[in-house]
Amino acid sequence: MTRNPESMQDTRSSQPTRFNAFYQNARFLTAAVQLHQAPDDTGREVAFAGRSNAGKSSAINAICHQNSLARTSKTPGRTQQLIFFELDETRRLVDLPGYGYAKVPERIKLEWQRHLSHYLESRQSLVGLVIVMDIRHPLTDYDRQMLAWGRRAGLSILLLLTKADKLKRGAASAARLAVERAVADDSGQVEVRLFSAPERQGLAQVQATLDRWLHVGTSDLQTPTT
């Protein structure tokens, strides 16, 4: 895939954004309705969760420098699968179904709550959880449920406040601080980041977090030039 260096610029900074080209390797691997259909539980993987319309697909696409790797359902919340993307033979990203906003039958919601809880708490290769939240509507009941499951499973957690470009810089920083205070504890288990897919804000920092979790080296780190 041909990279567009100009598109990798951080529009809120005069400095070029350093990105890890490793994530451009991401490709669709498989979809699983139930956990037994998932790839072998080996290697390392990071899961992305978020309410419908929180910007989860856009975030995954931006992180992987692709336009349509993660696809948005025409009917929010109707996707009832875990979508696995392969980065290499031992590393994966996982797109979890979002149900916090969707108008789906209560029976389906309860069934998927059970599946998601089982996945988060039993998947041995799962090393981190990214919870995607619209910065204008953070920490909904759904977000807090995912956070509780992630903490119970002992996962490293990143709260990604998307659509940060929709707020002025001061308001966005205040929103981040409010979320940090709301989830603070002594474990150091939870990070909070501002993110904007269109502006690539926070992209390098999110990739650096994924690098740590997935044990990705720095050999593919590149600085775009104009």
# chains A, B, ... in the order shown; residues from 1 in each chain; ligands from 1
>>> residues_around(residues="segment 202-209 of chain A", least_positions_apart="3", cutoff="8 Å", atoms="only C-alpha atoms", output="PyMOL selection string")
chain A and resi 17-20+62-63+193-197+212-213
>>> write_last_selection(atoms="N, CA, C and O atoms", output="JSON list (two decimals), in the first residue's frame")
[["chain", "number", "residue", "atom", "x", "y", "z"],
["A", 17, "THR", "N", 4.45, 13.82, 12.41],
["A", 17, "THR", "CA", 4.07, 12.70, 13.26],
["A", 17, "THR", "C", 4.90, 11.48, 12.91],
["A", 17, "THR", "O", 4.99, 11.10, 11.75],
["A", 18, "ARG", "N", 5.49, 10.87, 13.91],
["A", 18, "ARG", "CA", 6.23, 9.63, 13.68],
["A", 18, "ARG", "C", 5.24, 8.48, 13.80],
["A", 18, "ARG", "O", 4.52, 8.38, 14.78],
["A", 19, "PHE", "N", 5.21, 7.64, 12.79],
["A", 19, "PHE", "CA", 4.26, 6.55, 12.83],
["A", 19, "PHE", "C", 4.99, 5.23, 12.64],
["A", 19, "PHE", "O", 6.09, 5.18, 12.10],
["A", 20, "ASN", "N", 4.38, 4.18, 13.11],
["A", 20, "ASN", "CA", 4.97, 2.86, 12.99],
["A", 20, "ASN", "C", 4.32, 2.14, 11.81],
["A", 20, "ASN", "O", 3.15, 1.77, 11.87],
["A", 62, "ALA", "N", -7.31, 4.61, 11.27],
["A", 62, "ALA", "CA", -6.25, 5.62, 11.38],
["A", 62, "ALA", "C", -4.97, 5.01, 11.96],
["A", 62, "ALA", "O", -3.86, 5.27, 11.47],
["A", 63, "ILE", "N", -5.12, 4.19, 12.98],
["A", 63, "ILE", "CA", -3.96, 3.55, 13.61],
["A", 63, "ILE", "C", -3.21, 2.67, 12.61],
["A", 63, "ILE", "O", -1.98, 2.60, 12.61],
["A", 193, "ARG", "N", -6.22, 8.99, 26.61],
["A", 193, "ARG", "CA", -5.61, 9.75, 25.51],
["A", 193, "ARG", "C", -6.67, 10.48, 24.70],
["A", 193, "ARG", "O", -7.77, 9.96, 24.48],
["A", 194, "LEU", "N", -6.32, 11.69, 24.24],
["A", 194, "LEU", "CA", -7.14, 12.39, 23.25],
["A", 194, "LEU", "C", -6.80, 11.85, 21.87],
["A", 194, "LEU", "O", -5.66, 11.51, 21.58],
["A", 195, "PHE", "N", -7.83, 11.79, 21.01],
["A", 195, "PHE", "CA", -7.61, 11.22, 19.68],
["A", 195, "PHE", "C", -8.55, 11.87, 18.67],
["A", 195, "PHE", "O", -9.71, 12.13, 18.97],
["A", 196, "SER", "N", -8.02, 12.11, 17.49],
["A", 196, "SER", "CA", -8.84, 12.56, 16.36],
["A", 196, "SER", "C", -8.35, 11.84, 15.12],
["A", 196, "SER", "O", -7.20, 12.01, 14.71],
["A", 197, "ALA", "N", -9.20, 11.00, 14.53],
["A", 197, "ALA", "CA", -8.82, 10.27, 13.33],
["A", 197, "ALA", "C", -8.55, 11.21, 12.15],
["A", 197, "ALA", "O", -7.53, 11.07, 11.47],
["A", 212, "ARG", "N", 4.08, -1.22, 23.20],
["A", 212, "ARG", "CA", 4.43, -1.80, 24.50],
["A", 212, "ARG", "C", 3.64, -3.06, 24.76],
["A", 212, "ARG", "O", 4.20, -4.09, 25.17],
["A", 213, "TRP", "N", 2.35, -3.00, 24.52],
["A", 213, "TRP", "CA", 1.49, -4.14, 24.81],
["A", 213, "TRP", "C", 1.80, -5.33, 23.92],
["A", 213, "TRP", "O", 1.78, -6.48, 24.37]]
>>> residues_around(residues="segment 179-191 of chain A", least_positions_apart="4", cutoff="7 Å", atoms="only C-alpha atoms", output="number ranges by chain")
A: 156-159, 175
>>> write_last_selection(atoms="all heavy atoms", output="mmCIF file, in the first residue's frame")
data_model
loop_
_atom_site.group_PDB
_atom_site.id
_atom_site.type_symbol
_atom_site.label_atom_id
_atom_site.label_comp_id
_atom_site.auth_asym_id
_atom_site.auth_seq_id
_atom_site.Cartn_x
_atom_site.Cartn_y
_atom_site.Cartn_z
ATOM 1 N N SER A 156 -4.223 -4.311 30.710
ATOM 2 C CA SER A 156 -3.856 -2.916 30.525
ATOM 3 C C SER A 156 -4.972 -2.268 29.711
ATOM 4 O O SER A 156 -5.484 -2.861 28.768
ATOM 5 C CB SER A 156 -2.524 -2.798 29.779
ATOM 6 O OG SER A 156 -1.475 -3.354 30.540
ATOM 7 N N ILE A 157 -5.349 -1.041 30.057
ATOM 8 C CA ILE A 157 -6.516 -0.410 29.444
ATOM 9 C C ILE A 157 -6.164 0.995 28.963
ATOM 10 O O ILE A 157 -5.512 1.764 29.681
ATOM 11 C CB ILE A 157 -7.688 -0.332 30.447
ATOM 12 C CG1 ILE A 157 -8.102 -1.739 30.898
ATOM 13 C CG2 ILE A 157 -8.887 0.405 29.829
ATOM 14 C CD1 ILE A 157 -9.073 -1.742 32.072
ATOM 15 N N LEU A 158 -6.605 1.313 27.757
ATOM 16 C CA LEU A 158 -6.469 2.651 27.207
ATOM 17 C C LEU A 158 -7.862 3.197 26.916
ATOM 18 O O LEU A 158 -8.620 2.592 26.153
ATOM 19 C CB LEU A 158 -5.640 2.629 25.917
ATOM 20 C CG LEU A 158 -5.576 3.938 25.115
ATOM 21 C CD1 LEU A 158 -4.925 5.041 25.948
ATOM 22 C CD2 LEU A 158 -4.821 3.734 23.809
ATOM 23 N N LEU A 159 -8.202 4.314 27.552
ATOM 24 C CA LEU A 159 -9.447 5.004 27.243
ATOM 25 C C LEU A 159 -9.135 6.037 26.171
ATOM 26 O O LEU A 159 -8.395 6.992 26.411
ATOM 27 C CB LEU A 159 -10.022 5.677 28.494
ATOM 28 C CG LEU A 159 -10.306 4.765 29.686
ATOM 29 C CD1 LEU A 159 -10.965 5.561 30.814
ATOM 30 C CD2 LEU A 159 -11.168 3.580 29.293
ATOM 31 N N ALA A 175 -11.833 17.749 29.461
ATOM 32 C CA ALA A 175 -12.573 16.487 29.392
ATOM 33 C C ALA A 175 -11.662 15.312 29.724
ATOM 34 O O ALA A 175 -12.052 14.386 30.442
ATOM 35 C CB ALA A 175 -13.186 16.314 28.006
#
>>> residues_around(residues="segment 29-46 of chain A", least_positions_apart="5", cutoff="9 Å", atoms="only C-alpha atoms", output="VMD selection string")
chain A and resid 80 to 86 89 to 95 115 to 116 118 to 119 123 to 130 210 213 to 215
>>> select_by_dssp(residues="segment 1-225 of chain A", states="strand (DSSP E)", output="PyMOL selection string")
chain A and resi 19-20+27-32+44-50+82-86+91-95+126-134+156-162+190-194+221-222
>>> closest_atom_pairs(of="segment 38-117 of chain A", to="segment 163-172 of chain A", cutoff="10 Å", atoms="only C-alpha atoms", output="JSON lines")
{"residue": "A:Ala54", "atom": "CA", "partner": "A:Lys163", "partner_atom": "CA", "distance": 8.3}
{"residue": "A:Gly55", "atom": "CA", "partner": "A:Lys163", "partner_atom": "CA", "distance": 7.4}
{"residue": "A:Ser58", "atom": "CA", "partner": "A:Lys163", "partner_atom": "CA", "distance": 9.9}
{"residue": "A:Ala59", "atom": "CA", "partner": "A:Lys163", "partner_atom": "CA", "distance": 9.6}
>>> select_by_dssp(residues="segment 48-222 of chain A", states="helix (DSSP H, G or I)", output="PyMOL selection string")
chain A and resi 56-63+106-122+141-152+164-166+169-183+203-214
>>> atom_distance(atom1="atom CA of Ser52 of chain A", atom2="atom CA of Gly150 of chain A")
18.9 Å
>>> closest_residue(among="A:Gln113, A:Glu121, A:Phe48, A:Ala174", to="Arg136 of chain A", atoms="only C-alpha atoms")
A:Ala174
>>> closest_residue(among="A:Leu161, A:Cys64, A:Leu120, A:Leu110", to="Trp149 of chain A", atoms="only C-alpha atoms")
A:Leu120
>>> residues_around(residues="Gln145 of chain A", least_positions_apart="4", cutoff="12 Å", atoms="only C-alpha atoms", output="PyMOL selection string")
chain A and resi 49-51+99-100+113-114+116-117+120+131+139-141+149-152
